[in-house]
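**Student:** I'd like to ask you about the structure that follows.
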Amino acid sequence: MSRSFRAETVKLVRRPASWLLLAITLVLSLIFTYVFPYAGLAGAADGPNTDRALPALLPDQLVGNSLGGLPVFLGSILLILGVLTVGGEYGWGTWKTVLTQGPTRLEVYAGKLLALAAAALAVVLAVFAVGAVASVLIASAEAQPVTWPTAGDLLTGIGAGWLIATMWAMLGAVLAVALRAVALPVGLGLVWMLAVQNLLAAIAAPLVDWVAKAQEGLPGPNAGSLAAALGAPGDTPGVAATVGGGQAAVVVAAYLVGFAVVGAVLLRRRDIG
Amino acid sequence: MNLPVQTEGLTKRYGGLTAVQDLQLTVRAGEVYGFLGPNGAGKTTTLRMLLGLVRPTAGTVRLLGRPPAAGRLTGVGALIEGPAFYPYLSGRDNLRVLARYAGVGADRVALVLDLVDLTDRAGDRYAGYSLGMKQRLGVAAALLKDPRLLILDEPTNGLDPAGMADMRTLIRRLGAAGCTVLVSSHLLGEVEQICDRVGVIARGRLVAEGSVAELRGAAGLRLLADPLDAAAERARELVGAERVRVVDGGLELAVDPDRAAWLNTELVGAGLAVRELRPRERDLEQVFFDLVEKGTADVA
Ligand SMILES: Nc1ncnc2c1ncn2[C@@H]1O[C@H](COP(=O)(O)OP(=O)(O)O)[C@@H](O)[C@H]1O
Ligand SMILES: [Mg+2]
């Protein structure tokens, strides 16, 4: 399995699409978390998140600010990464090429999931790093003191971010296995994350009781609750304290495992090609 | 001694379509086995089942003595239904990635690239390869593990005549080196020189199996003589009625071609005008075509 993990890591790292996704992730989180709010503060622009006060942009808010994108926008990008990593083998017909080299399906799949988990950690660390730099720049520009979150808060935040990011990547992986493709799972995954989840939260849940109840069990609202519990700004789409942070972490972890297991079962049972 | 490939009652149905039906396939150690059939006959489906990529509807497979679904494929290299690689990596890096899965070193990568004559272009991105280069990379990947059993599904697809000749030479060389090779093709002529045995599949069933000589059928004589009726009658008296057939305005005699001189003397002695008497070579593609037609007719 460590062979598979290394092979998958090479494929992931050498694939141009991976770097494009990382770049988009960092640019999005930088723009929406820091650039627009700061520009709004300076009175220079009207745009999303321009009404946040200066204290919200400083280094001591790093954890919450770094987690805010993960429930929806950055989560979508990790979902795409998950689909690409697993679905690429269907799209290029390379499952047979890999499997005839000897590894079992589950070894290859486990290698993929581990590589995805590693990539998710790298993405979260990069988001934290970019946020740290941006907040320090803002602090020094505004002559504010630089106070960092405690090491414990930082670790908890990174861990929670990693958990959420990996869960979305696993959703992408299981969709790719279920649909044996790339395009359709990306499309359906994004429709779910960007449209259906928001419609449920904004329109259906306030009107229909059982939808509101069901929401509490869905991956998006739980990821949002976990981010909210760790200080993510409540005006970020998808961030809302629907359930408590501890429960949210358990539910997100359960989805992570569930997606991975369902993908493994499907991949093992079905024909390749 | 375990047989490299052995199937029992192998069957695959896709909905109402039976792609492979009750197939008993045996490949012996050290031989080059040609698996022949027209497009859609079930060759690829069979090979996929051998490798555990596709689950049989019924029947069993033993590959090097083990069921392929039981775990890792060891000792087997395969190219199934066309090459498939990562387009953003070079040919060499594709093989390096595969070498990690296979657990073999980078030295094997250089060696197999050399074997298929791809070293010069190994640094180019796979996406830019011609069909022939892709095919050769596919064969290189199949050889990475230095397999005891090599399964090649139509390996000459997309190759030019020189590339096909190279491929045949490579397969013959691997066979001579003790590797068991199972190679599929839809053209008998393409593999007849390199195969010790061939099996012919039509509509998912094995319709013939044997050496190329056996498939070609016993040698015989072709006779043109006047008058034909009288010649046929005399020939039946001479060699036995069951050995004489009237075909295309002439006679086909299922006898040893060495008896041509004796036959000629007898026929001329009986007052017949012998216009032609020569050994009968059956055209292999015709043999193949007849077998496939027969197999198809049996099913219909
Ligand atoms: N995944 C599949 N789903 C449905 N039908 C299939 C599938 N794979 C193969 N077939 C059908 O099975 C038959 C045999 O196909 P195949 O094994 O590819 O033939 P060959 O390799 O001899 O050309 C064909 O009729 C083909 O259409
Ligand atoms: Mg085929």
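Ligands are numbered from 1 in the order shown, residues from 1 within each chain, and chains are lettered A, B, ... in the order they appear in the structure tokens.
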Quick one: which chain B residues come within 9 Å of chain A, and what is the nearest atom pair for each with the distance in Å to one decimal, counting only C-alpha atoms, rows ordered by chain and ascending number, as a tab-separated table?
**Tutor:**
residue	atom	partner	partner_atom	distance
B:Arg48	CA	A:Ile272	CA	8.4
B:Leu51	CA	A:Thr100	CA	7.2
B:Gly52	CA	A:Asp271	CA	8.6
B:Leu53	CA	A:Ile272	CA	5.2
B:Val54	CA	A:Asp271	CA	4.5
B:Arg55	CA	A:Asp271	CA	6.2
B:Ala69	CA	A:Thr104	CA	8.6
B:Gly71	CA	A:Thr104	CA	6.0
B:Arg72	CA	A:Gly102	CA	5.0
B:Leu73	CA	A:Gly102	CA	4.3
B:Thr74	CA	A:Gly102	CA	5.9
B:Gly75	CA	A:Gly102	CA	8.6
B:Val76	CA	A:Thr100	CA	7.5
B:Gly77	CA	A:Thr100	CA	6.4
B:Ala78	CA	A:Thr100	CA	6.1
B:Leu79	CA	A:Thr97	CA	7.5
B:Ile80	CA	A:Lys96	CA	7.4
B:Pro83	CA	A:Thr97	CA	7.8
B:Ala84	CA	A:Thr94	CA	5.2
B:Phe85	CA	A:Thr94	CA	5.8
B:Tyr86	CA	A:Trp92	CA	7.0
B:Pro87	CA	A:Trp92	CA	8.2
B:Tyr88	CA	A:Arg15	CA	6.6
B:Leu89	CA	A:Arg14	CA	7.5
B:Arg96	CA	A:Ala7	CA	8.6
B:Val97	CA	A:Ala7	CA	5.4
B:Leu98	CA	A:Val98	CA	6.4
B:Ala99	CA	A:Gln101	CA	7.8
B:Arg100	CA	A:Arg3	CA	5.7
B:Tyr101	CA	A:Ser4	CA	5.7
B:Ala102	CA	A:Gln101	CA	5.0
B:Gly103	CA	A:Arg3	CA	7.2
B:Gly138	CA	A:Thr97	CA	8.3
B:Ala141	CA	A:Thr97	CA	8.0
B:Ala142	CA	A:Gln101	CA	7.7
B:Leu144	CA	A:Gln101	CA	8.1
B:Lys145	CA	A:Gln101	CA	7.5
**Student:** Next, write the just-selected residues to a file, as a CSV table (one decimal), in the first residue's frame, keeping N, CA and C atoms as the atom set.
**Tutor:**
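The resulting out13.csv:
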chain,number,residue,atom,x,y,z
B,48,ARG,N,-10.0,-10.1,-20.0
B,48,ARG,CA,-10.3,-9.3,-18.8
B,48,ARG,C,-10.7,-10.2,-17.7
B,51,LEU,N,-7.7,-11.8,-16.0
B,51,LEU,CA,-7.0,-10.9,-15.2
B,51,LEU,C,-7.7,-10.4,-14.0
B,52,GLY,N,-9.0,-10.8,-13.9
B,52,GLY,CA,-9.8,-10.4,-12.7
B,52,GLY,C,-10.3,-9.0,-12.9
B,53,LEU,N,-10.3,-8.4,-14.0
B,53,LEU,CA,-10.8,-7.1,-14.2
B,53,LEU,C,-12.3,-7.1,-14.4
B,54,VAL,N,-12.8,-8.2,-15.0
B,54,VAL,CA,-14.2,-8.5,-15.2
B,54,VAL,C,-14.6,-9.8,-14.5
B,55,ARG,N,-15.7,-9.7,-13.8
B,55,ARG,CA,-16.1,-10.9,-13.0
B,55,ARG,C,-16.9,-11.8,-13.9
B,69,ALA,N,-8.7,-13.4,-8.8
B,69,ALA,CA,-9.4,-12.4,-7.9
B,69,ALA,C,-8.8,-12.6,-6.5
B,71,GLY,N,-5.9,-12.1,-5.2
B,71,GLY,CA,-5.0,-11.1,-4.7
B,71,GLY,C,-4.2,-10.5,-5.7
B,72,ARG,N,-2.9,-10.2,-5.4
B,72,ARG,CA,-2.1,-9.6,-6.4
B,72,ARG,C,-1.8,-10.5,-7.6
B,73,LEU,N,-1.7,-9.8,-8.7
B,73,LEU,CA,-1.3,-10.6,-9.9
B,73,LEU,C,0.2,-10.6,-10.0
B,74,THR,N,0.8,-11.8,-9.8
B,74,THR,CA,2.2,-11.8,-9.8
B,74,THR,C,2.6,-12.7,-11.0
B,75,GLY,N,3.7,-12.3,-11.7
B,75,GLY,CA,4.2,-13.1,-12.8
B,75,GLY,C,3.5,-13.0,-14.1
B,76,VAL,N,2.5,-12.0,-14.1
B,76,VAL,CA,1.7,-11.8,-15.3
B,76,VAL,C,1.9,-10.4,-15.8
B,77,GLY,N,2.1,-10.2,-17.0
B,77,GLY,CA,2.1,-8.9,-17.6
B,77,GLY,C,1.0,-8.9,-18.7
B,78,ALA,N,0.3,-7.7,-18.9
B,78,ALA,CA,-0.8,-7.7,-19.9
B,78,ALA,C,-0.9,-6.4,-20.5
B,79,LEU,N,-1.4,-6.4,-21.7
B,79,LEU,CA,-1.8,-5.3,-22.5
B,79,LEU,C,-3.2,-5.6,-23.0
B,80,ILE,N,-4.2,-4.9,-22.4
B,80,ILE,CA,-5.6,-5.3,-22.8
B,80,ILE,C,-6.3,-4.1,-23.5
B,83,PRO,N,-3.5,0.6,-25.5
B,83,PRO,CA,-2.7,1.2,-24.4
B,83,PRO,C,-3.5,2.3,-23.7
B,84,ALA,N,-3.3,2.5,-22.4
B,84,ALA,CA,-3.9,3.6,-21.6
B,84,ALA,C,-2.9,4.0,-20.6
B,85,PHE,N,-2.5,5.3,-20.7
B,85,PHE,CA,-1.5,5.9,-19.8
B,85,PHE,C,-1.9,7.3,-19.4
B,86,TYR,N,-1.1,7.9,-18.5
B,86,TYR,CA,-1.4,9.3,-18.1
B,86,TYR,C,-0.9,10.3,-19.1
B,87,PRO,N,-1.7,11.1,-19.7
B,87,PRO,CA,-1.3,11.9,-20.9
B,87,PRO,C,-0.3,13.0,-20.5
B,88,TYR,N,-0.3,13.4,-19.2
B,88,TYR,CA,0.5,14.5,-18.8
B,88,TYR,C,1.9,14.1,-18.4
B,89,LEU,N,2.2,12.8,-18.4
B,89,LEU,CA,3.5,12.3,-18.0
B,89,LEU,C,4.2,11.8,-19.3
B,96,ARG,N,7.7,4.6,-14.9
B,96,ARG,CA,8.2,4.7,-13.5
B,96,ARG,C,7.1,4.6,-12.5
B,97,VAL,N,6.0,5.3,-12.8
B,97,VAL,CA,4.8,5.2,-11.9
B,97,VAL,C,4.4,3.8,-11.8
B,98,LEU,N,4.3,3.1,-12.9
B,98,LEU,CA,3.8,1.7,-12.9
B,98,LEU,C,4.8,0.8,-12.2
B,99,ALA,N,6.1,1.1,-12.3
B,99,ALA,CA,7.1,0.3,-11.7
B,99,ALA,C,6.9,0.4,-10.2
B,100,ARG,N,6.4,1.5,-9.6
B,100,ARG,CA,6.2,1.6,-8.2
B,100,ARG,C,5.1,0.6,-7.8
B,101,TYR,N,4.0,0.6,-8.6
B,101,TYR,CA,3.0,-0.4,-8.2
B,101,TYR,C,3.5,-1.8,-8.3
B,102,ALA,N,4.3,-2.0,-9.4
B,102,ALA,CA,4.8,-3.4,-9.6
B,102,ALA,C,5.9,-3.8,-8.6
B,103,GLY,N,6.5,-2.8,-8.0
B,103,GLY,CA,7.6,-3.1,-7.1
B,103,GLY,C,8.9,-3.5,-7.8
B,138,GLY,N,2.6,0.4,-24.3
B,138,GLY,CA,1.8,-0.6,-23.7
B,138,GLY,C,2.5,-2.0,-23.5
B,141,ALA,N,5.1,-1.7,-20.8
B,141,ALA,CA,4.5,-1.8,-19.5
B,141,ALA,C,4.2,-3.3,-19.1
B,142,ALA,N,3.7,-4.0,-20.1
B,142,ALA,CA,3.4,-5.4,-19.9
B,142,ALA,C,4.6,-6.2,-19.5
B,144,LEU,N,7.2,-5.0,-17.8
B,144,LEU,CA,7.9,-4.4,-16.7
B,144,LEU,C,8.4,-5.4,-15.6
B,145,LYS,N,7.4,-6.3,-15.3
B,145,LYS,CA,7.7,-7.2,-14.2
B,145,LYS,C,8.5,-8.4,-14.6
**Student:** Can you tell me which residues come within 9 Å of ligand 2 when counting only C-alpha atoms and all ligand atoms, ideally as a PyMOL selection string?
**Tutor:** chain B and resi 38-45+47+80-82+153-154+184-186
**Student:** Keeping only all heavy atoms, write those residues as a compact mmCIF listing (two decimals), in the first residue's frame.
**Tutor:**
# COMPACT_ATOMS: atom_id res chain seq x y z
N PRO B 38 -12.99 -12.86 -34.79
CA PRO B 38 -13.32 -11.56 -35.39
C PRO B 38 -13.67 -10.53 -34.32
O PRO B 38 -13.84 -10.88 -33.15
CB PRO B 38 -14.53 -11.88 -36.27
CG PRO B 38 -15.14 -13.11 -35.67
CD PRO B 38 -14.01 -13.88 -35.05
N ASN B 39 -13.80 -9.31 -34.68
CA ASN B 39 -14.18 -8.26 -33.74
C ASN B 39 -15.50 -8.61 -33.06
O ASN B 39 -16.43 -9.06 -33.72
CB ASN B 39 -14.33 -6.91 -34.45
CG ASN B 39 -12.98 -6.37 -34.87
OD1 ASN B 39 -11.99 -6.57 -34.16
ND2 ASN B 39 -12.93 -5.70 -36.00
N GLY B 40 -15.54 -8.43 -31.77
CA GLY B 40 -16.77 -8.70 -31.04
C GLY B 40 -16.96 -10.16 -30.68
O GLY B 40 -17.98 -10.55 -30.13
N ALA B 41 -15.95 -11.00 -30.93
CA ALA B 41 -16.09 -12.43 -30.67
C ALA B 41 -16.03 -12.74 -29.17
O ALA B 41 -16.51 -13.78 -28.73
CB ALA B 41 -15.00 -13.20 -31.40
N GLY B 42 -15.43 -11.84 -28.40
CA GLY B 42 -15.32 -12.09 -26.96
C GLY B 42 -13.88 -12.25 -26.49
O GLY B 42 -13.64 -12.66 -25.35
N LYS B 43 -12.92 -11.92 -27.32
CA LYS B 43 -11.50 -12.07 -26.94
C LYS B 43 -11.15 -11.18 -25.74
O LYS B 43 -10.63 -11.65 -24.73
CB LYS B 43 -10.58 -11.69 -28.12
CG LYS B 43 -10.83 -12.50 -29.38
CD LYS B 43 -9.85 -12.11 -30.48
CE LYS B 43 -10.02 -10.68 -30.98
NZ LYS B 43 -11.30 -10.41 -31.62
N THR B 44 -11.43 -9.88 -25.88
CA THR B 44 -11.07 -8.95 -24.81
C THR B 44 -11.79 -9.29 -23.52
O THR B 44 -11.21 -9.27 -22.43
CB THR B 44 -11.38 -7.51 -25.24
OG1 THR B 44 -10.62 -7.22 -26.43
CG2 THR B 44 -11.00 -6.53 -24.16
N THR B 45 -13.07 -9.62 -23.62
CA THR B 45 -13.84 -9.97 -22.43
C THR B 45 -13.20 -11.17 -21.73
O THR B 45 -13.07 -11.20 -20.50
CB THR B 45 -15.30 -10.28 -22.81
OG1 THR B 45 -15.83 -9.15 -23.51
CG2 THR B 45 -16.13 -10.55 -21.59
N LEU B 47 -10.03 -12.13 -21.89
CA LEU B 47 -8.75 -11.75 -21.28
C LEU B 47 -8.97 -10.92 -20.02
O LEU B 47 -8.24 -11.06 -19.04
CB LEU B 47 -7.89 -11.00 -22.30
CG LEU B 47 -7.56 -11.80 -23.58
CD1 LEU B 47 -6.66 -11.00 -24.51
CD2 LEU B 47 -6.91 -13.13 -23.24
N ILE B 80 -4.23 -4.94 -22.43
CA ILE B 80 -5.61 -5.28 -22.76
C ILE B 80 -6.26 -4.15 -23.53
O ILE B 80 -6.29 -3.01 -23.07
CB ILE B 80 -6.43 -5.55 -21.47
CG1 ILE B 80 -5.82 -6.71 -20.69
CG2 ILE B 80 -7.88 -5.87 -21.82
CD1 ILE B 80 -5.81 -8.03 -21.40
N GLU B 81 -6.80 -4.48 -24.68
CA GLU B 81 -7.60 -3.56 -25.48
C GLU B 81 -6.99 -2.16 -25.58
O GLU B 81 -7.56 -1.17 -25.14
CB GLU B 81 -9.01 -3.45 -24.92
CG GLU B 81 -9.93 -2.71 -25.88
CD GLU B 81 -11.38 -3.08 -25.66
OE1 GLU B 81 -11.93 -2.68 -24.63
OE2 GLU B 81 -11.93 -3.76 -26.53
N GLY B 82 -5.82 -2.10 -26.13
CA GLY B 82 -5.23 -0.79 -26.39
C GLY B 82 -4.53 -0.22 -25.19
O GLY B 82 -4.90 -0.48 -24.06
N ASP B 153 -3.39 -8.29 -25.98
CA ASP B 153 -4.66 -8.23 -26.70
C ASP B 153 -4.46 -7.38 -27.96
O ASP B 153 -4.32 -6.17 -27.86
CB ASP B 153 -5.71 -7.61 -25.77
CG ASP B 153 -7.12 -7.69 -26.34
OD1 ASP B 153 -7.33 -8.44 -27.31
OD2 ASP B 153 -8.00 -6.99 -25.80
N GLU B 154 -4.45 -8.02 -29.08
CA GLU B 154 -4.26 -7.34 -30.38
C GLU B 154 -3.10 -6.34 -30.33
O GLU B 154 -3.28 -5.14 -30.60
CB GLU B 154 -5.56 -6.64 -30.80
CG GLU B 154 -6.75 -7.58 -30.67
CD GLU B 154 -7.73 -7.47 -31.82
OE1 GLU B 154 -7.40 -6.86 -32.86
OE2 GLU B 154 -8.84 -8.02 -31.68
N SER B 184 -3.86 -12.25 -28.67
CA SER B 184 -5.11 -12.29 -29.42
C SER B 184 -4.97 -11.50 -30.70
O SER B 184 -4.13 -10.61 -30.82
CB SER B 184 -6.26 -11.73 -28.60
OG SER B 184 -6.27 -10.32 -28.66
N SER B 185 -5.79 -11.86 -31.67
CA SER B 185 -5.77 -11.15 -32.95
C SER B 185 -7.06 -11.46 -33.70
O SER B 185 -7.70 -12.47 -33.45
CB SER B 185 -4.58 -11.61 -33.78
OG SER B 185 -4.61 -10.98 -35.04
N HIS B 186 -7.44 -10.55 -34.58
CA HIS B 186 -8.57 -10.89 -35.44
C HIS B 186 -8.10 -11.35 -36.81
O HIS B 186 -8.90 -11.61 -37.70
CB HIS B 186 -9.58 -9.74 -35.53
CG HIS B 186 -9.02 -8.49 -36.14
ND1 HIS B 186 -8.33 -7.56 -35.41
CD2 HIS B 186 -9.07 -8.04 -37.40
CE1 HIS B 186 -7.95 -6.58 -36.20
NE2 HIS B 186 -8.39 -6.83 -37.41
**Student:** Near Val177 in chain A, within 7 Å and counting only C-alpha atoms, which residues show up once chain neighbours fewer than 4 positions away are dropped, as a list in words?
**Tutor:**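 Non-adjacent residues within range: Val86, Gly87, Ala173, Gly263, Leu266 and Leu267 of chain A.
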**Student:** Within 10 Å of Pro55 in chain A, counting only C-alpha atoms, which residues qualify if same-chain residues fewer than 6 places away don't, as a VMD selection string?
**Tutor:** chain A and resid 61 139 144
**Student:** So what do you get for CA of Asp258 in chain B versus CA of Ala270 in chain B, distance-wise?
**Tutor:** 20.1 Å
**Student:** Mind giving me the straight-line distance from CA of Val250 in chain A to CA of Thr25 in chain A in Å, one decimal?
**Tutor:** 25.4 Å
**Student:** Based on DSSP run over this structure's backbone, return all residues of range 88-212 of chain B in strand (DSSP E), as a ChimeraX atom specification.
**Tutor:** /B:149-153,180-185,197-202,205-210
**Student:** Using backbone DSSP assignments, extract all helix (DSSP H, G or I) residues from range 203-234 of chain B; output them as a list in words.
**Tutor:** Val212, Ala213, Glu214, Leu215, Arg216, Leu228, Asp229, Ala230, Ala231, Ala232, Glu233 and Arg234 of chain B
**Student:** Write out as a short mmCIF file (atom, residue, chain, number, x, y, z; two decimals) with N, CA and C atoms, in the first residue's frame each polymer residue whose atoms come within 9 Å of Pro257 in chain B, counting only C-alpha atoms; drop sequence neighbours fewer than 4 positions from it.
**Tutor:**
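File out.cif, as written:
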data_model
loop_
_atom_site.label_atom_id
_atom_site.label_comp_id
_atom_site.auth_asym_id
_atom_site.auth_seq_id
_atom_site.Cartn_x
_atom_site.Cartn_y
_atom_site.Cartn_z
N ALA B 219 -3.32 -32.16 -45.74
CA ALA B 219 -3.00 -31.79 -47.11
C ALA B 219 -3.76 -32.70 -48.06
N GLY B 220 -3.79 -32.36 -49.34
CA GLY B 220 -4.52 -33.17 -50.31
C GLY B 220 -4.10 -32.80 -51.70
N LEU B 221 -4.88 -33.27 -52.67
CA LEU B 221 -4.58 -32.99 -54.07
C LEU B 221 -5.79 -32.36 -54.73
N ALA B 261 1.86 -38.96 -58.58
CA ALA B 261 2.37 -39.63 -59.78
C ALA B 261 1.59 -40.93 -60.04
N ARG B 278 -2.33 -31.13 -58.60
CA ARG B 278 -1.33 -30.43 -57.78
C ARG B 278 -1.73 -30.48 -56.30
N PRO B 279 -0.73 -30.29 -55.42
CA PRO B 279 -1.04 -30.28 -53.98
C PRO B 279 -2.00 -29.14 -53.67
N ARG B 280 -2.88 -29.45 -52.74
CA ARG B 280 -3.88 -28.45 -52.38
C ARG B 280 -3.46 -27.77 -51.07
#
**Student:** Let me make sure I understand: among B:Ala218, B:Leu3, B:Val112, B:Ala122, which one has the smallest atom-to-atom distance to Ala140 in chain B if we use only C-alpha atoms?
**Tutor:**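 Closest to Ala140 in chain B of all the choices is B:Val112.
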**Student:** Skip Ala151 in chain A itself and residues of its chain fewer than 6 positions away, then list as a ChimeraX atom specification all residues within 12 Å of it, counting only C-alpha atoms.
**Tutor:** /A:60,62-63,157-158
**Student:** So that I can see what lies close to Val239 in chain A, please list as a list in words the residues with an atom at most 8 Å from it, counting only C-alpha atoms and leaving out residues fewer than 5 positions away in the same chain.
**Tutor:**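 Listing them by chain and then by number gives Gly68, Pro71, Pro221, Ala223, Gly224, Ser225, Ala227, Ala228, Ala232, Pro233 and Gly234 of chain A.
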**Student:** CA of Leu267 in chain B and CA of Ala231 in chain B, how far apart in Å?
**Tutor:** 7.2 Å
**Student:** From the options B:Gly30, B:Gly271, B:Gly210, B:Gly37, which residue's atoms come nearest to ligand 1, counting only C-alpha atoms and all ligand atoms?
**Tutor:**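 The answer is B:Gly37, which sits nearest to ligand 1.
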**Student:** Nearest to Ala177 in chain B: which of B:Asp120, B:Glu192, B:Asp226, B:Asp146 is it, counting only C-alpha atoms?
**Tutor:**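 Smallest separation from Ala177 in chain B among the options: B:Asp146.
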